[in-house]
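Reproduced below: data-v5.tsv, with TSV, C-alpha atoms.
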```tsv
chain	number	residue	atom	x	y	z
A	1	MET	CA	85.81	-35.49	58.85
A	2	ASP	CA	82.16	-36.02	59.72
A	3	THR	CA	81.39	-39.72	59.43
A	4	ALA	CA	77.77	-39.57	60.61
A	5	PRO	CA	75.42	-41.74	58.52
A	6	VAL	CA	73.85	-40.00	55.56
A	7	THR	CA	70.11	-39.40	55.94
A	8	ASP	CA	67.53	-39.40	53.14
A	9	GLU	CA	66.97	-35.71	53.81
A	10	GLN	CA	70.64	-35.03	53.19
A	11	ILE	CA	70.59	-37.08	50.01
A	12	VAL	CA	67.65	-35.09	48.68
A	13	ALA	CA	69.27	-31.81	49.64
A	14	PHE	CA	72.44	-33.04	47.95
A	15	LEU	CA	70.51	-33.84	44.77
A	16	ASP	CA	68.87	-30.41	44.96
A	17	ASP	CA	72.26	-28.77	45.42
A	18	ALA	CA	70.92	-27.16	48.58
A	19	LEU	CA	73.77	-28.03	50.98
A	20	SER	CA	76.88	-26.10	51.89
A	21	SER	CA	79.83	-26.95	49.67
A	22	GLU	CA	81.40	-28.86	52.54
A	23	GLU	CA	78.28	-30.98	53.01
A	24	GLN	CA	77.90	-31.48	49.25
A	25	ALA	CA	81.44	-32.86	49.18
A	26	ARG	CA	80.81	-35.17	52.13
A	27	ILE	CA	77.70	-36.68	50.55
A	28	ALA	CA	79.42	-37.00	47.18
A	29	LEU	CA	82.16	-39.00	48.90
A	30	ALA	CA	79.60	-41.23	50.60
A	31	VAL	CA	77.89	-41.84	47.25
A	32	ALA	CA	81.19	-42.86	45.71
A	33	ASN	CA	82.23	-45.15	48.55
A	34	ASP	CA	78.99	-46.66	49.78
A	35	PRO	CA	76.82	-48.67	47.34
A	36	SER	CA	73.87	-48.51	49.76
A	37	VAL	CA	73.86	-44.72	49.51
A	38	ALA	CA	73.91	-44.95	45.72
A	39	ALA	CA	70.88	-47.26	45.88
A	40	ARG	CA	69.02	-44.81	48.09
A	41	ILE	CA	69.75	-42.05	45.59
A	42	GLU	CA	67.87	-44.06	43.04
A	43	ALA	CA	64.89	-44.44	45.37
A	44	LEU	CA	64.85	-40.66	45.89
A	45	ALA	CA	65.44	-39.64	42.30
A	46	LEU	CA	63.18	-37.04	40.72
A	47	ASP	CA	63.26	-35.69	37.19
A	48	ARG	CA	62.63	-32.05	37.97
A	49	ASP	CA	62.47	-31.16	34.28
A	50	ASP	CA	59.63	-33.64	33.82
A	51	LEU	CA	57.83	-32.26	36.84
A	52	ARG	CA	58.20	-28.71	35.61
A	53	ALA	CA	57.09	-29.67	32.10
A	54	GLY	CA	53.96	-31.28	33.48
A	55	PHE	CA	53.10	-28.21	35.52
A	56	GLU	CA	54.02	-25.85	32.72
A	57	ASP	CA	51.50	-27.64	30.55
A	58	MET	CA	48.90	-27.31	33.28
A	59	LEU	CA	49.04	-23.51	32.89
A	60	SER	CA	47.54	-23.81	29.44
A	61	GLU	CA	44.52	-25.53	31.01
A	62	ALA	CA	43.80	-22.63	33.31
A	63	PRO	CA	40.34	-21.14	32.86
A	64	VAL	CA	40.05	-17.42	32.31
A	65	ILE	CA	39.05	-16.01	35.68
A	66	ALA	CA	37.15	-12.75	36.06
A	67	LEU	CA	38.89	-10.01	37.95
A	68	PRO	CA	36.88	-7.45	39.87
A	69	PRO	CA	36.27	-4.40	37.68
A	70	GLU	CA	38.02	-1.17	38.43
A	71	PRO	CA	36.06	0.89	40.94
A	72	ALA	CA	34.02	3.60	39.22
A	73	ASN	CA	34.62	7.32	39.64
A	74	GLN	CA	38.37	7.12	39.56
A	75	PRO	CA	39.97	10.52	39.23
A	76	GLN	CA	41.11	11.14	35.67
A	77	GLN	CA	44.81	10.82	35.22
A	78	PRO	CA	46.92	12.28	32.45
A	79	SER	CA	48.02	8.86	31.23
A	80	GLY	CA	45.83	6.45	29.32
A	81	TRP	CA	45.08	4.73	32.60
A	82	GLY	CA	42.19	7.06	33.38
A	83	VAL	CA	40.00	5.71	30.62
A	84	TRP	CA	39.89	2.36	32.36
A	85	GLY	CA	37.67	3.80	35.05
A	86	LEU	CA	35.19	5.14	32.51
A	87	ARG	CA	35.10	2.08	30.37
A	88	GLY	CA	35.73	-0.43	33.11
A	89	ALA	CA	32.58	-2.35	32.38
A	90	ALA	CA	33.41	-2.74	28.70
A	91	ALA	CA	36.92	-3.83	29.44
A	92	ALA	CA	35.81	-6.14	32.22
A	93	ALA	CA	33.68	-7.90	29.62
A	94	ILE	CA	36.93	-9.14	28.18
A	95	PHE	CA	37.84	-10.87	31.42
A	96	ALA	CA	34.40	-12.26	32.06
A	97	ILE	CA	34.77	-15.02	29.59
A	98	GLY	CA	31.91	-17.12	28.36
A	99	ILE	CA	33.38	-19.42	25.80
A	100	GLY	CA	31.06	-22.36	25.44
A	101	ALA	CA	32.38	-25.15	23.29
A	102	GLY	CA	29.72	-24.43	20.68
A	103	SER	CA	30.50	-20.75	20.45
A	104	LEU	CA	34.14	-21.16	19.55
A	105	LEU	CA	33.69	-21.04	15.82
A	106	THR	CA	30.44	-19.17	15.66
A	107	PRO	CA	30.85	-15.85	13.89
A	108	PRO	CA	29.13	-12.93	15.54
A	109	THR	CA	25.78	-12.15	13.97
A	110	GLU	CA	26.43	-8.46	13.72
A	111	VAL	CA	29.42	-6.25	13.30
A	112	ARG	CA	30.44	-4.92	16.65
A	113	ASN	CA	32.21	-1.64	16.50
A	114	ASP	CA	33.32	-1.34	20.07
A	115	TRP	CA	35.43	-4.46	20.45
A	116	THR	CA	38.48	-2.41	19.52
A	117	THR	CA	37.72	-0.05	22.40
A	118	ALA	CA	37.63	-2.96	24.82
A	119	VAL	CA	40.95	-4.21	23.44
A	120	ALA	CA	42.47	-0.75	23.84
A	121	ASP	CA	41.24	-0.50	27.43
A	122	TYR	CA	42.89	-3.84	28.14
A	123	GLN	CA	46.09	-3.09	26.26
A	124	VAL	CA	46.65	0.18	28.07
A	125	LEU	CA	47.27	-1.85	31.25
A	126	TYR	CA	50.21	-3.65	29.70
A	127	ALA	CA	53.70	-2.70	30.82
A	128	THR	CA	56.97	-4.25	29.69
A	129	GLU	CA	56.99	-6.25	32.93
A	130	THR	CA	53.60	-7.73	32.11
A	131	LEU	CA	55.29	-9.80	29.45
A	132	THR	CA	58.77	-10.17	30.90
A	133	THR	CA	58.07	-11.24	34.49
A	134	THR	CA	56.54	-14.58	33.51
A	135	PRO	CA	58.06	-15.45	30.12
A	136	LEU	CA	56.86	-18.61	28.42
A	137	SER	CA	59.18	-21.39	27.35
A	138	ASP	CA	59.53	-21.86	23.58
A	139	ALA	CA	57.26	-24.89	23.72
A	140	ALA	CA	54.60	-23.13	25.79
A	141	ARG	CA	54.67	-20.11	23.49
A	142	GLU	CA	54.22	-22.27	20.42
A	143	LEU	CA	51.45	-24.18	22.14
A	144	SER	CA	49.68	-20.95	23.08
A	145	LEU	CA	49.76	-19.86	19.44
A	146	ALA	CA	48.61	-23.25	18.14
A	147	ARG	CA	45.64	-23.30	20.52
A	148	THR	CA	44.68	-19.73	19.81
A	149	SER	CA	44.92	-20.27	16.05
A	150	ALA	CA	42.80	-23.39	16.32
A	151	ALA	CA	40.17	-21.68	18.50
A	152	LEU	CA	39.77	-18.78	16.08
A	153	GLY	CA	40.15	-20.85	12.92
A	154	LEU	CA	42.98	-18.75	11.54
A	155	ASP	CA	46.19	-20.62	10.88
A	156	LEU	CA	49.16	-18.63	12.13
A	157	SER	CA	52.74	-19.77	12.63
A	158	GLU	CA	55.46	-18.04	14.62
A	159	GLU	CA	57.17	-17.51	11.29
A	160	ALA	CA	54.20	-15.51	10.04
A	161	LEU	CA	54.37	-13.39	13.17
A	162	SER	CA	58.08	-12.66	12.99
A	163	VAL	CA	57.80	-9.17	11.58
A	164	ASP	CA	60.66	-6.71	11.70
A	165	GLY	CA	60.63	-4.68	14.89
A	166	LEU	CA	58.51	-6.93	17.11
A	167	ASP	CA	59.22	-10.03	19.18
A	168	PHE	CA	56.31	-12.41	19.65
A	169	GLN	CA	55.76	-13.25	23.35
A	170	ARG	CA	52.61	-15.32	23.62
A	171	ALA	CA	49.02	-15.86	22.47
A	172	GLN	CA	45.87	-15.89	24.57
A	173	ILE	CA	42.22	-16.53	23.91
A	174	LEU	CA	40.11	-13.75	25.37
A	175	SER	CA	36.41	-13.23	24.84
A	176	TYR	CA	34.38	-10.25	23.77
A	177	MET	CA	30.59	-10.48	24.09
A	178	GLU	CA	30.99	-14.27	24.16
A	179	THR	CA	32.96	-14.23	20.92
A	180	PRO	CA	36.48	-15.67	21.05
A	181	LEU	CA	39.08	-12.97	20.63
A	182	ALA	CA	42.74	-13.76	19.96
A	183	GLN	CA	45.41	-11.64	21.60
A	184	LEU	CA	48.97	-12.03	20.33
A	185	ALA	CA	51.38	-10.10	22.53
A	186	PHE	CA	54.64	-8.59	21.32
A	187	LEU	CA	57.44	-6.39	22.61
A	188	ASP	CA	59.40	-3.99	20.45
A	189	ALA	CA	63.13	-3.42	20.84
A	190	ASP	CA	62.47	-0.77	23.51
A	191	GLY	CA	60.22	-3.09	25.50
A	192	THR	CA	57.01	-1.34	24.48
A	193	PRO	CA	54.12	-3.82	24.52
A	194	PHE	CA	52.09	-4.28	21.33
A	195	ALA	CA	49.14	-6.55	20.64
A	196	LEU	CA	47.65	-7.97	17.49
A	197	CYS	CA	44.06	-8.95	18.28
A	198	PHE	CA	41.43	-10.44	16.04
A	199	LEU	CA	38.00	-12.04	16.05
A	200	ARG	CA	35.62	-13.39	13.44
A	201	LEU	CA	33.67	-10.56	11.89
A	202	ASP	CA	31.15	-10.57	9.07
A	203	GLY	CA	31.70	-8.28	6.12
A	204	GLY	CA	34.22	-7.67	3.40
A	205	ASP	CA	37.78	-6.48	3.64
A	206	THR	CA	38.33	-2.88	4.67
A	207	GLU	CA	41.22	-0.44	4.36
A	208	PRO	CA	43.33	0.01	7.48
A	209	ARG	CA	42.17	2.85	9.73
A	210	THR	CA	44.65	4.57	12.04
A	211	GLU	CA	43.36	6.07	15.25
A	212	ASP	CA	44.29	6.90	18.80
A	213	LEU	CA	42.56	4.54	21.22
A	214	ALA	CA	42.98	4.99	24.97
A	215	GLY	CA	46.14	6.97	24.29
A	216	LEU	CA	47.66	4.19	22.18
A	217	ALA	CA	48.37	4.21	18.44
A	218	SER	CA	46.28	1.63	16.62
A	219	VAL	CA	45.39	0.38	13.16
A	220	THR	CA	42.10	-1.46	12.62
A	221	TRP	CA	41.19	-3.41	9.52
A	222	GLN	CA	39.10	-6.29	8.25
A	223	GLN	CA	40.52	-9.12	6.21
A	224	ASP	CA	39.37	-12.62	5.21
A	225	GLY	CA	36.37	-12.63	7.54
A	226	PHE	CA	38.29	-11.40	10.57
A	227	GLY	CA	38.49	-8.04	12.28
A	228	PHE	CA	42.02	-7.08	13.30
A	229	ILE	CA	43.57	-4.44	15.47
A	230	LEU	CA	47.26	-3.76	15.93
A	231	ILE	CA	47.85	-1.53	18.92
A	232	GLY	CA	50.74	-0.26	21.00
A	233	GLY	CA	53.03	2.69	21.63
A	234	ASP	CA	52.17	6.23	20.61
A	235	ASP	CA	53.62	6.47	17.11
A	236	PRO	CA	50.95	6.06	14.41
A	237	ALA	CA	53.55	5.74	11.63
A	238	ALA	CA	55.27	2.87	13.41
A	239	VAL	CA	52.01	0.97	13.89
A	240	GLU	CA	51.05	1.57	10.24
A	241	ALA	CA	54.37	0.15	9.06
A	242	LEU	CA	53.94	-2.92	11.26
A	243	GLN	CA	50.35	-3.38	10.11
A	244	LYS	CA	51.47	-3.58	6.47
A	245	GLN	CA	53.81	-6.42	7.36
A	246	PHE	CA	51.11	-8.34	9.22
A	247	ALA	CA	48.46	-7.80	6.56
A	248	GLY	CA	50.79	-9.20	3.91
A	249	ARG	CA	51.60	-12.29	5.94
A	250	ILE	CA	48.04	-13.03	7.03
A	251	GLY	CA	46.78	-12.81	3.47
A	252	SER	CA	49.46	-15.01	1.98
B	1	MET	CA	41.53	6.71	45.77
B	2	GLN	CA	43.65	4.59	43.53
B	3	THR	CA	47.18	4.23	44.82
B	4	LYS	CA	50.33	3.29	42.98
B	5	ASN	CA	50.27	-0.07	44.77
B	6	ASP	CA	46.76	-0.72	43.61
B	7	ARG	CA	47.87	-0.15	40.06
B	8	VAL	CA	50.89	-2.44	40.39
B	9	VAL	CA	48.75	-5.21	41.83
B	10	ARG	CA	45.94	-4.72	39.29
B	11	GLU	CA	48.35	-4.73	36.37
B	12	GLY	CA	50.21	-7.78	37.62
B	13	LEU	CA	47.19	-9.94	38.38
B	14	PRO	CA	46.00	-10.90	34.86
B	15	ASP	CA	49.27	-12.65	34.08
B	16	LEU	CA	49.40	-14.27	37.50
B	17	MET	CA	45.93	-15.80	37.34
B	18	PRO	CA	46.97	-19.04	35.57
B	19	ARG	CA	49.69	-19.61	38.18
B	20	LEU	CA	47.30	-18.84	41.02
B	21	TRP	CA	44.84	-21.31	39.54
B	22	ARG	CA	47.60	-23.89	39.23
B	23	TYR	CA	48.59	-23.44	42.89
B	24	GLY	CA	44.89	-23.75	43.66
B	25	MET	CA	44.82	-27.02	41.70
B	26	VAL	CA	47.71	-28.35	43.79
B	27	LEU	CA	45.81	-27.53	46.98
B	28	THR	CA	42.24	-28.37	45.96
B	29	ARG	CA	42.70	-30.86	43.08
B	30	ASN	CA	39.47	-29.48	41.69
B	31	SER	CA	39.38	-27.03	38.78
B	32	ASP	CA	36.30	-25.10	39.89
B	33	GLU	CA	37.55	-24.73	43.43
B	34	ALA	CA	40.96	-23.70	42.16
B	35	ALA	CA	39.32	-21.00	40.04
B	36	GLU	CA	37.29	-19.82	43.02
B	37	LEU	CA	40.41	-19.74	45.15
B	38	ALA	CA	42.36	-17.80	42.52
B	39	GLN	CA	39.53	-15.32	42.15
B	40	ALA	CA	39.20	-14.85	45.91
B	41	THR	CA	42.95	-14.28	46.03
B	42	ALA	CA	42.73	-11.58	43.37
B	43	VAL	CA	39.94	-9.82	45.24
B	44	ARG	CA	41.85	-10.00	48.52
B	45	ALA	CA	45.07	-8.82	46.88
B	46	LEU	CA	43.30	-5.75	45.48
B	47	GLU	CA	41.67	-5.03	48.83
B	48	ARG	CA	45.02	-5.21	50.54
B	49	SER	CA	47.18	-3.70	47.84
B	50	ASP	CA	48.36	-1.03	50.29
B	51	GLN	CA	50.16	-3.83	52.15
B	52	PHE	CA	52.12	-4.92	49.09
B	53	GLN	CA	55.69	-3.65	49.12
B	54	PRO	CA	56.76	-2.42	45.70
B	55	GLY	CA	59.97	-4.06	44.59
B	56	THR	CA	59.09	-7.36	46.24
B	57	ARG	CA	57.63	-10.26	44.31
B	58	LEU	CA	53.94	-9.94	43.57
B	59	ASP	CA	53.63	-13.66	42.78
B	60	ARG	CA	54.97	-14.71	46.18
B	61	TRP	CA	52.76	-12.19	47.96
B	62	CYS	CA	49.69	-13.52	46.15
B	63	PHE	CA	50.67	-17.13	46.84
B	64	THR	CA	50.75	-16.36	50.55
B	65	ILE	CA	47.28	-14.84	50.34
B	66	LEU	CA	46.00	-17.82	48.37
B	67	ALA	CA	47.33	-20.36	50.86
B	68	SER	CA	45.89	-18.38	53.72
B	69	ILE	CA	42.42	-18.27	52.15
B	70	TRP	CA	42.60	-21.99	51.45
B	71	LYS	CA	43.70	-23.00	54.91
B	72	ASN	CA	41.54	-20.62	56.88
B	73	GLU	CA	38.38	-20.40	54.83
B	74	LEU	CA	37.90	-22.89	52.04
B	75	ARG	CA	39.61	-26.13	52.98
B	76	SER	CA	37.26	-27.08	55.79
B	77	ARG	CA	34.30	-26.48	53.50
B	78	SER	CA	35.78	-28.70	50.78
B	79	VAL	CA	36.52	-31.50	53.20
B	80	ARG	CA	33.00	-31.30	54.58
B	81	ARG	CA	31.62	-31.60	51.08
B	82	GLY	CA	33.96	-34.46	50.38
B	83	GLU	CA	35.34	-32.56	47.42
B	84	GLY	CA	38.84	-31.55	46.58
B	85	LEU	CA	40.13	-34.97	47.46
B	86	VAL	CA	39.90	-36.69	44.12
B	87	PRO	CA	42.80	-38.16	42.17
B	88	VAL	CA	44.09	-36.05	39.36
B	89	GLU	CA	42.55	-38.40	36.82
B	90	ASP	CA	39.12	-37.51	38.17
B	91	ALA	CA	39.93	-33.81	38.31
B	92	GLY	CA	39.83	-33.62	34.56
B	93	LEU	CA	43.53	-32.95	34.19
B	94	ALA	CA	44.95	-36.20	33.01
B	95	ASP	CA	42.35	-36.79	30.35
B	96	THR	CA	42.38	-33.41	28.70
B	97	ALA	CA	43.39	-33.15	25.07
B	98	PRO	CA	46.68	-34.91	24.34
B	99	HIS	CA	49.63	-32.59	24.26
B	100	ALA	CA	52.32	-33.63	21.89
B	101	ASP	CA	54.91	-31.52	23.66
B	102	VAL	CA	54.51	-33.13	27.08
B	103	ASN	CA	56.03	-36.56	27.37
B	104	ILE	CA	54.50	-39.49	29.15
B	105	SER	CA	56.87	-39.44	32.10
B	106	ALA	CA	56.03	-35.77	32.72
B	107	ARG	CA	52.36	-36.74	32.90
B	108	GLN	CA	53.18	-39.62	35.21
B	109	VAL	CA	55.24	-37.57	37.61
B	110	LEU	CA	52.57	-34.85	37.66
B	111	SER	CA	49.85	-37.38	38.28
B	112	GLY	CA	51.88	-39.15	40.95
B	113	MET	CA	52.65	-35.91	42.75
B	114	MET	CA	49.01	-34.83	42.71
B	115	GLN	CA	48.12	-38.04	44.55
B	116	LEU	CA	50.43	-37.28	47.46
B	117	PRO	CA	48.95	-35.86	50.68
B	118	GLU	CA	48.55	-32.09	50.75
B	119	ALA	CA	51.59	-31.17	52.87
B	120	PRO	CA	54.27	-32.92	50.77
B	121	ARG	CA	52.39	-32.03	47.58
B	122	GLU	CA	52.40	-28.33	48.38
B	123	THR	CA	56.02	-28.38	49.55
B	124	MET	CA	57.17	-30.10	46.36
B	125	PHE	CA	55.22	-27.65	44.25
B	126	LEU	CA	56.69	-24.60	45.94
B	127	VAL	CA	60.28	-25.86	45.75
B	128	TYR	CA	60.38	-27.71	42.44
B	129	VAL	CA	57.83	-25.82	40.37
B	130	GLU	CA	57.72	-22.30	41.78
B	131	GLY	CA	61.40	-22.22	42.67
B	132	TYR	CA	61.28	-21.50	46.42
B	133	THR	CA	64.51	-22.25	48.23
B	134	TYR	CA	64.23	-24.57	51.23
B	135	ALA	CA	64.44	-21.55	53.53
B	136	GLU	CA	61.79	-19.64	51.58
B	137	ALA	CA	59.46	-22.64	51.59
B	138	ALA	CA	60.00	-23.06	55.34
B	139	GLU	CA	59.08	-19.44	55.94
B	140	ARG	CA	56.05	-19.60	53.63
B	141	LEU	CA	54.76	-22.77	55.29
B	142	SER	CA	55.76	-21.70	58.82
B	143	ILE	CA	57.72	-24.90	59.40
B	144	PRO	CA	61.42	-25.58	60.14
B	145	VAL	CA	63.78	-26.13	57.21
B	146	GLY	CA	64.31	-29.68	58.48
B	147	THR	CA	60.62	-30.36	58.00
B	148	VAL	CA	60.80	-29.07	54.43
B	149	MET	CA	63.66	-31.50	53.83
B	150	SER	CA	61.86	-34.47	55.34
B	151	ARG	CA	58.66	-33.67	53.41
B	152	LEU	CA	60.63	-33.58	50.17
B	153	ALA	CA	62.46	-36.82	50.97
B	154	ASN	CA	59.23	-38.60	51.90
B	155	ALA	CA	57.44	-37.24	48.85
B	156	ARG	CA	60.20	-38.33	46.48
B	157	ARG	CA	60.39	-41.78	48.00
B	158	ARG	CA	56.63	-42.25	47.72
B	159	LEU	CA	56.59	-40.87	44.19
B	160	ASN	CA	59.17	-43.41	43.08
B	161	GLU	CA	57.28	-46.20	44.80
B	162	THR	CA	54.06	-45.15	43.08
B	163	MET	CA	55.61	-44.79	39.67
B	164	GLY	CA	57.56	-47.99	40.08
B	165	SER	CA	54.38	-49.92	40.81
B	166	ASP	CA	52.55	-48.64	37.72
```

Once you've parsed the file, please lay out its structure as structure tokens.
Amino acid sequence: MDTAPVTDEQIVAFLDDALSSEEQARIALAVANDPSVAARIEALALDRDDLRAGFEDMLSEAPVIALPPEPANQPQQPSGWGVWGLRGAAAAAIFAIGIGAGSLLTPPTEVRNDWTTAVADYQVLYATETLTTTPLSDAARELSLARTSAALGLDLSEEALSVDGLDFQRAQILSYMETPLAQLAFLDADGTPFALCFLRLDGGDTEPRTEDLAGLASVTWQQDGFGFILIGGDDPAAVEALQKQFAGRIGS
Amino acid sequence: MQTKNDRVVREGLPDLMPRLWRYGMVLTRNSDEAAELAQATAVRALERSDQFQPGTRLDRWCFTILASIWKNELRSRSVRRGEGLVPVEDAGLADTAPHADVNISARQVLSGMMQLPEAPRETMFLVYVEGYTYAEAAERLSIPVGTVMSRLANARRRLNETMGSD
């Protein structure tokens, strides 16, 4: 049996469960038999959950950072991807955020028809993995929704978003032409990404309009001073059915 | 010509940006510099997307690029300007809007860690926040595993001393 003195490094590795099982057992024995080792454990303690929680929260402080736009003149591809090259500038406007504190609740002065195109160009980049590789904790997801709701001035709870057929993943504040734009991301049972996006838009309520945008099925409508788009997959009937659920919950 | 790798990198980057910024915060302790570092990393990652191996982790690949840009290009500039060396309280993190879901001890441990010197701070972040194993952290930082262990032990001891003296 190894009776060498236990170092601080070994204690930390023991606490991190990073030693071989033999070494783990040796340190555990030392902890049980030597009060001085137990005292050193206290001096080296770390609440990793606290540390992670603090850093998890930091993510919500991250500024939106512009990505370089797609190079122009990309060869057209059969998938919806090709449109990105043509409309790269419009879609890049979504990344290039300019939310000043004063602009957060300022409605746009004119109806902008092409925000839905920018959303579609963004959404077409989403794959299942986009939402599954870095899943949010329950708390972070709720926080993302609370902040997005507050920024747009539209009160939405996770309950209101729990429509049949879609799982809510997270909310983000994007920006279109310096107007805050909410993006609520969902996955359906097959892992197909969907998004419900909205921004403040002048004008009265409109009937839902179904159209193909960037190769994705979408429904666009206006309700309660907001413009909405629900987009994802390639089945117009499915998106229309989901839109009816959302419209009913938003209005209630 | 757009390659498959380019597409994988481009599609993965938007979701990674907050984590790249956060790693940048750990290194620079300055939000603007962290944003600049994250953006430079994204540009570099796209330029070098042909070097990314599909099936490996895009986040780890980007972290390596970010650390390289920081150490080789931006850090000396920040030190010269006397920036990037401010306590977290001054970096605008601790005094942002109160978050009901983050408890006080989480704030304290975050603040305490951000006041540690860069080497232990970065090592702790990689292992305890981004989930690197000791061996992975050693490889990423180009140091022996024993050095990773001693950095963690020193960092934890200092963190407890700091928090105990508050």

Produce a table with one row for each residue of chain A that has an atom at most 10 Å from any atom of chain B, each row naming the nearest atom pair and its distance in Å at one decimal; use only C-alpha atoms; arrange rows by chain and rising residue number; format as a Markdown table.
```
| residue | atom | partner | partner_atom | distance |
| --- | --- | --- | --- | --- |
| A:Thr7 | CA | B:Ala153 | CA | 9.5 |
| A:Asp8 | CA | B:Ala153 | CA | 6.1 |
| A:Glu9 | CA | B:Met149 | CA | 5.4 |
| A:Gln10 | CA | B:Met149 | CA | 7.8 |
| A:Ile11 | CA | B:Ala153 | CA | 8.2 |
| A:Val12 | CA | B:Ala153 | CA | 5.9 |
| A:Ala13 | CA | B:Met149 | CA | 7.0 |
| A:Asp16 | CA | B:Tyr128 | CA | 9.3 |
| A:Ala18 | CA | B:Tyr134 | CA | 7.6 |
| A:Arg40 | CA | B:Arg157 | CA | 9.1 |
| A:Ile41 | CA | B:Arg157 | CA | 9.7 |
| A:Glu42 | CA | B:Asn160 | CA | 8.7 |
| A:Ala43 | CA | B:Arg157 | CA | 5.9 |
| A:Leu44 | CA | B:Arg157 | CA | 5.1 |
| A:Ala45 | CA | B:Arg156 | CA | 6.8 |
| A:Leu46 | CA | B:Arg156 | CA | 6.6 |
| A:Asp47 | CA | B:Val109 | CA | 8.2 |
| A:Arg48 | CA | B:Tyr128 | CA | 6.6 |
| A:Asp49 | CA | B:Ala106 | CA | 8.1 |
| A:Asp50 | CA | B:Ala106 | CA | 4.3 |
| A:Leu51 | CA | B:Ala106 | CA | 5.7 |
| A:Arg52 | CA | B:Val129 | CA | 5.6 |
| A:Ala53 | CA | B:Ala106 | CA | 6.2 |
| A:Gly54 | CA | B:Ala106 | CA | 5.0 |
| A:Phe55 | CA | B:Leu110 | CA | 7.0 |
| A:Glu56 | CA | B:Val129 | CA | 8.5 |
| A:Asp57 | CA | B:Val102 | CA | 7.2 |
| A:Met58 | CA | B:Arg22 | CA | 7.0 |
| A:Leu59 | CA | B:Pro18 | CA | 5.6 |
| A:Ser60 | CA | B:Pro18 | CA | 7.8 |
| A:Glu61 | CA | B:Leu93 | CA | 8.1 |
| A:Ala62 | CA | B:Pro18 | CA | 5.3 |
| A:Pro63 | CA | B:Ala35 | CA | 7.3 |
| A:Val64 | CA | B:Pro18 | CA | 7.8 |
| A:Ile65 | CA | B:Gln39 | CA | 6.5 |
| A:Ala66 | CA | B:Gln39 | CA | 7.0 |
| A:Leu67 | CA | B:Gln39 | CA | 6.8 |
| A:Pro68 | CA | B:Val43 | CA | 6.6 |
| A:Pro69 | CA | B:Arg10 | CA | 9.8 |
| A:Glu70 | CA | B:Arg10 | CA | 8.7 |
| A:Pro71 | CA | B:Gln2 | CA | 8.8 |
| A:Asn73 | CA | B:Met1 | CA | 9.3 |
| A:Gln74 | CA | B:Met1 | CA | 7.0 |
| A:Pro75 | CA | B:Met1 | CA | 7.7 |
| A:Trp81 | CA | B:Arg7 | CA | 9.3 |
| A:Phe95 | CA | B:Pro14 | CA | 8.9 |
| A:Tyr122 | CA | B:Glu11 | CA | 9.9 |
| A:Val124 | CA | B:Glu11 | CA | 9.8 |
| A:Leu125 | CA | B:Glu11 | CA | 6.0 |
| A:Tyr126 | CA | B:Glu11 | CA | 7.0 |
| A:Ala127 | CA | B:Glu11 | CA | 8.0 |
| A:Glu129 | CA | B:Gly12 | CA | 8.4 |
| A:Thr130 | CA | B:Gly12 | CA | 6.5 |
| A:Leu131 | CA | B:Asp15 | CA | 8.1 |
| A:Thr133 | CA | B:Asp15 | CA | 8.9 |
| A:Thr134 | CA | B:Asp15 | CA | 7.5 |
| A:Ala139 | CA | B:Asp101 | CA | 7.0 |
| A:Ala140 | CA | B:Asp101 | CA | 8.7 |
| A:Glu142 | CA | B:Asp101 | CA | 9.8 |
| A:Leu143 | CA | B:Asp101 | CA | 8.3 |
```

Legend entry - Selection as number ranges by chain: residues within 10 Å of (45.0, 3.7, 8.6), counting all atoms listed in the file: A: 207-211, 218-221, 236-237, 239-240, 243-244

Legend entry - Contacts of Val163 of chain A within 10 Å, all atoms listed in the file, excl. fewer than 3 positions in-chain, as a PyMOL selection string: chain A and resi 158-160+166-168+242-246+249

Take the residues from that selection and write them out as a short mmCIF file (atom, residue, chain, number, x, y, z; two decimals), in the coordinates of the input, keeping C-alpha atoms.
```
data_model
loop_
_atom_site.label_atom_id
_atom_site.label_comp_id
_atom_site.auth_asym_id
_atom_site.auth_seq_id
_atom_site.Cartn_x
_atom_site.Cartn_y
_atom_site.Cartn_z
CA GLU A 158 55.46 -18.04 14.62
CA GLU A 159 57.17 -17.51 11.29
CA ALA A 160 54.20 -15.51 10.04
CA LEU A 166 58.51 -6.93 17.11
CA ASP A 167 59.22 -10.03 19.18
CA PHE A 168 56.31 -12.41 19.65
CA LEU A 242 53.94 -2.92 11.26
CA GLN A 243 50.35 -3.38 10.11
CA LYS A 244 51.47 -3.58 6.47
CA GLN A 245 53.81 -6.42 7.36
CA PHE A 246 51.11 -8.34 9.22
CA ARG A 249 51.60 -12.29 5.94
#
```

Legend entry - Proximity to Thr128 of chain A - best of A:Ala185, A:Ala4, A:Ala247, A:Leu154, all atoms listed in the file: A:Ala185

Legend entry - One-decimal distance in Å that lies between atom CA of Arg121 of chain B and atom CA of Leu136 of chain A: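 Result for atom CA of Leu136 of chain A versus atom CA of Arg121 of chain B: 23.8 Å, one decimal.
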
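Atom CA of Thr116 of chain A sits 8.7 Å away from atom CA of Cys197 of chain A.
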
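Interatomic distance, atom CA of Ala217 of chain A to atom CA of Pro180 of chain A: 23.3 Å.
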
Inset, instruction - Pick out the closest residue to Thr123 of chain B from this set: B:Gln51, B:Asn5, B:Ser142, B:Asn30. Count all atoms listed in the file. - result: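 Among B:Gln51, B:Asn5, B:Ser142, B:Asn30, it is B:Ser142 that comes nearest to Thr123 of chain B.
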
Legend entry - Contacts of segment 27-36 of chain A within 8 Å, only C-alpha atoms, excl. fewer than 2 positions in-chain, as a list in words: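 Using only C-alpha atoms, the neighbours found are Val6, Gln10, Ile11, Phe14, Glu23, Gln24, Ala25, Ala38, Ala39 and Arg40 of chain A.
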